[in-house]
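In what follows, a single structure is set out as structure tokens and then discussed.
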Amino acid sequence: MSMTDIFNITMMQGFAGLSLFSVLLLMGLGLAIIFGQMGVINMAHGEFMTIGAYTIYLASTLTERYAPSFMEEYFPFAILLAFVFAFIAGWIAEWALIRHLYKRPLDTLLATWGLSLAMQQTFRSVFGAREVSPTLPEWLLGSWSPAEGLDIPINGLFVMMVTLLVTGFVLLALYRSSWGLKVRATVANRAMANAVGINTKRTDRLTFAIGCGIAGIAGAAFTTIGSTGPTSGSLYIVDAFLVVTFGGAASLLGTVASAFGIAQTQSIAEFFISGSMAKVLTLLLIVIILMIRPQGLFASKIRR
Amino acid sequence: MTPTTWFKRHGLASWLVLACLLLVVFPLLFDNFRLNLVGKYLSYGFVAIGLVMLWGYGGVLSLGQGVFFGLGGYCMAMFLKLEASDPITTKIQSTPGIPDFMDWNQLTALPAWWVPFEYLPFALLAVVLVPAILAFVIGYAMFKRRVGGVYFAIITQAVTLILTVLIIGQQGYTGGVNGITDLKTLNGWDIRTDSAKVILYFVNAGLLLAAILVCGWIQRSKLGTLLLAMRDKEDRVRFSGYDVSMFKVFVFCLSAMLAGIGGALFTLQVGFMSPSLVGIVPSIEMVIFAAVGGRMSLIGAVYGALLVNAGKTYFSESFPELWLYLMAALFIGVVLAFPNGLAGLYETYVKPRIGKRKSTVAAAPVDAPAQHPAPTTLDALPPGLTVKNAERGQGELA
């Protein structure tokens with residue numbers, strides 16, 4: 001094996017790890033807002049991702065049928081649409097269910113699990129039990145080879161780009177916008193925030209809906225790397241919660257760091273042992289670290 | 001204390017009703033097939049009463065009860081599988097005498113950790129002890145660091161995922177996705193015959209009734225009071241000098257042991273064990289058994305397990321599309337509208353009416369929190385009741 005081969009393998013292995021990192025981060029971001037900031041256990045988070053994924057599927061099918069010339073450009077618009085749909089669904093869910101349960105986190109867990117079951121069955125009735133995948137525009141297919149023997153899949157790069165953009169937006173929104181200020185004030189001290197004139201109920205609803213919208217974007221981005229079925233969302237949910245918990249619930253930076261750590265551990269372990277054992281090893285490490293350090297990697301400085 | 005008050009205080013009446021139902025009515029009413037189904041549901045009853053102790057009394061929600069159920073079930077299944085794969089029946093394998101799935105996965109000898117499961121006493125001990133030890137390790141590590149509530153739920157869920165992935169991934173040692181199947185005899189006694197199934201049903205029902213008595217005894221003991229106190233004001237109990245975490249570890253281990261027993265009885269009655277009974281989804285469904293029955297009521301939890309499972313069997317066969325919606329409605333309804341489940345409904349609506357005949361019952365304290373508007377209760381009071389009694393009854397409800 002020559003040096004270039006080793007270099008290429010390292011590069012591609014590193015890319016696989018980065019790709020998993022962006023997937024985990026994208027899953028965790030919406031939850032980092034909903035669970036990390038608001039403390040709501042949203043077990044239906046995966047289903048909000050599925051809403052995004054089905055939106056892309058719907059958009060691609062409709063574009064193919066009614067505006068085939070638009071096939072190359074529809075994807076970015078569809079992603080925006082995915083955000084909007086998931087946002088609306090989140091808004092409704094908060095109004096109908098979550099707002100009654102803010103003081104009872106364990107009950108939220110059960111209620112949102114019920115919500116996720118109902119959503120899964122709805123997906124199954126509307127789109128069928130079979131897994132579907134959208135027709136992707138040409139520019140998302142194939143791979144990019146900057147050097148000989150080095151293949152980097154474009155869809156992986158795309159997911160990474162989306163992750164970077166969304167993370168940037170969330171960080172900006174949370175720390176530089178008035179919405180972010182309200183959210184942080186509400187998290188820090190609800191009564192006080194209320195007293196200075198922040199409509200905390202409105203903030204809660206908006207925050208929950210934005211978290212769900214981000215889940216929708218995540219789901220949309222995942223359609224480039226895998227197919228979508230009614231229960232696809234539930235595959236991500238435990239991982240997403242672990243990413244957020246491991247990072248330290250109230251810290252967005254922690255979520256980024258933990259997604260990176262988990263992804264690298266798993267992809268490096270996958271190089272040596274089988275995929276399922278790598279997963280077991282990673283999860284076991286997370287659980288053990290969480291037992292030693294329950295507050296996660298980056299503890300919040302907020303007094304509870 | 002007169003015998004009648006003793007009887008009432010210990011909730012023995014409802015226990016006797018349940019015992020009568022399980023031991024007399026069901027066996028007379030149902031054929032062997034249905035009785036076996038009820039037996040299967042009853043094995044989930046163990047998990048449900050464990051959750052009443054852990055969640056209702058301890059205030060700790062575990063989403064990993066499927067793990068303990070599965071561990072108990074697998075311990076039993078390993079013994080049964082070893083007995084079913086003696087060298088004579090497995091002589092067509094390349095290595096006779098080991099379970100068939102090991103042979104398919106090119107294992108040539110029994111793994112060392114399987115060997116002790118050839119002995120029934122060891123297997124029976126393992127059914128209880130393996131879940132208890134795992135629960136102790138998890139519980140000790142977490143409760144000592146004062147991790148509770150949501151984080152505990154998420155971590156138990158992660159443990160569930162780990163075990164499921166491990167079982168599915170290690171096909172050669174665990175039977176993989178298919179699980180451990182083709183179980184035949186228990187110490188030479190064929191568990192597949194009708195008579196064996198009836199006997200197993202009665203064993204299951206008897207053990208469950210005994211478990212309810214033990215848990216009820218714990219609830220009424222000082223320990224039960226402490227658990228309740230801890231659930232409501234943990235810091236105060238800690239400041240009074242109690243080691244709060246060890247009580248939680250105890251109740252977590254108790255619920256794990258109960259789940260393990262349930263798993264073993266499930267394996268015996270159904271004849272197989274597979275990872276589909278261990279995973280995240282079944283573990284959360286187990287919580288709903290307890291929630292539907294009433295998270296504070298041991299007897300209610302058994303009814304909850306029976307009803308939810310019977311509903312699941314009926315609906316998923318006749319109206320598969322409706323079942324998930326119904327399940328969703330159960331989850332949401334139990335949280336929003338009936339936090340005390342069936343037992344709560346019984347306490348608020350049925351019990352006051354029974355009390356019509358005996359005025360003393362109406363004044364008895366009602367455990368359920370009163371979301372129930374007071375005027376309705378007044379209507380339910382016996383007409384001949386004195387004003388003093390009526391006021392007392394109302395005051396305790398409000």
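Residues are referred to by chain and number: the chain letter is A, B, ... according to the order shown in the structure tokens, the number counts from 1 in that chain, and ligands are numbered separately from 1 in the order shown.
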
Using only C-alpha atoms, find each residue in chain B having at least one atom no more than 8 Å away from chain A; report its shortest atom-to-atom pair and that distance in Å (one decimal), rows by chain then rising number, as CSV.
residue,atom,partner,partner_atom,distance
B:Leu61,CA,A:Leu106,CA,7.3
B:Ala141,CA,A:Met291,CA,5.9
B:Met142,CA,A:Met291,CA,5.8
B:Arg145,CA,A:Pro294,CA,7.5
B:Val147,CA,A:Pro294,CA,6.6
B:Gly149,CA,A:Leu106,CA,7.0
B:Val150,CA,A:Leu106,CA,6.4
B:Tyr151,CA,A:Thr245,CA,7.7
B:Ile154,CA,A:Phe241,CA,7.2
B:Ile155,CA,A:Val287,CA,6.5
B:Gln157,CA,A:Val238,CA,7.3
B:Ala158,CA,A:Val238,CA,6.7
B:Val159,CA,A:Val287,CA,7.6
B:Leu161,CA,A:Val238,CA,8.0
B:Ile162,CA,A:Val280,CA,5.4
B:Val165,CA,A:Ser276,CA,6.3
B:Leu166,CA,A:Val280,CA,6.5
B:Gly169,CA,A:Ser276,CA,5.7
B:Glu321,CA,A:Gln121,CA,6.9
B:Leu324,CA,A:Leu117,CA,5.9
B:Tyr325,CA,A:Ala118,CA,5.1
B:Met327,CA,A:Gly114,CA,6.8
B:Ala328,CA,A:Gly114,CA,3.9
B:Ala329,CA,A:Gly114,CA,6.7
B:Leu330,CA,A:Gly114,CA,7.4
B:Phe331,CA,A:Gly114,CA,4.9
B:Ile332,CA,A:Ala111,CA,4.6
B:Val335,CA,A:Asp107,CA,5.9
B:Leu336,CA,A:His100,CA,7.8

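Counting only C-alpha atoms, the residue from A:Leu235, A:Met43, A:Leu29, A:Ile210 that sits nearest to Gly279 in chain B is A:Leu235.
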
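We find CA of Leu129 in chain B and CA of Met257 in chain B to be spaced 7.0 Å apart.
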
Who sits within 9 Å of Gly296 in chain A, only C-alpha atoms, same chain under 5 positions skipped, as a PyMOL selection string: chain A and resi 244-249+254+258+289-290

Exercise: Ala89 in chain A partners within 9 Å, only C-alpha atoms, chain neighbours under 2 positions left out, as a list in words: Phe48, Ile51, Val84, Phe85, Ala86, Phe87, Trp91, Ile92, Ala93, Glu94, Ala209, Cys212 and Gly213 of chain A

Polymer residues at most 10 Å from range 58-61 of chain A, only C-alpha atoms, same-chain spacing of 2 or more positions, as number ranges by chain: A: 52-56, 63-68, 70-71, 74-75, 77-79, 81-82, 127, 133-137

Saved selection, atoms kept: C-alpha atoms, as a short mmCIF file (atom, residue, chain, number, x, y, z; two decimals), in the first residue's frame:
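Ended up saving to again31.cif:
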data_model
loop_
_atom_site.label_atom_id
_atom_site.label_comp_id
_atom_site.auth_asym_id
_atom_site.auth_seq_id
_atom_site.Cartn_x
_atom_site.Cartn_y
_atom_site.Cartn_z
CA GLY A 52 -39.68 17.36 6.24
CA ALA A 53 -38.64 14.25 4.35
CA TYR A 54 -42.13 13.64 2.98
CA THR A 55 -42.36 17.30 1.95
CA ILE A 56 -39.32 16.79 -0.26
CA THR A 63 -42.42 19.02 -9.82
CA GLU A 64 -41.76 15.96 -11.91
CA ARG A 65 -45.38 15.78 -12.96
CA TYR A 66 -46.26 19.44 -13.51
CA ALA A 67 -43.00 21.30 -14.07
CA PRO A 68 -40.30 18.91 -15.25
CA PHE A 70 -37.87 22.96 -12.84
CA MET A 71 -36.33 19.68 -11.62
CA TYR A 74 -36.70 22.68 -6.88
CA PHE A 75 -34.60 21.30 -4.03
CA PHE A 77 -37.35 25.64 -2.28
CA ALA A 78 -38.53 22.26 -1.09
CA ILE A 79 -36.24 22.55 1.92
CA LEU A 81 -41.22 24.29 2.40
CA ALA A 82 -40.12 21.46 4.70
CA PHE A 127 -48.00 7.78 1.80
CA SER A 133 -37.29 8.42 -2.02
CA PRO A 134 -37.57 11.63 -4.02
CA THR A 135 -36.05 12.12 -7.45
CA LEU A 136 -32.98 14.18 -6.73
CA PRO A 137 -31.64 16.87 -9.05
#

Which residue of B:Leu22, B:Leu124, B:Ala290, B:Ala305 approaches Val203 in chain B most closely, using only C-alpha atoms: B:Leu22

Near-Met246 in chain B list (8 Å; only C-alpha atoms; drop same-chain fewer than 5 positions) as an MDAnalysis selection string: chainID B and resid 140 143:144

Atom pair CA of Pro131 in chain B / CA of Cys75 in chain B: separation (Å): 9.8 Å

Neighbour list for range 176-188 of chain A as a ChimeraX atom specification, cut-off 12 Å, only C-alpha atoms, skip fewer than 3 positions in-chain: /A:33-40,168-173,191-208,210,249-252,300-304

Residues flagged helix (DSSP H, G or I) by DSSP in range 97-198 of chain B, as an MDAnalysis selection string: chainID B and resid 100:104 112:118 120:144 149:169 171:174 176:178 194:198
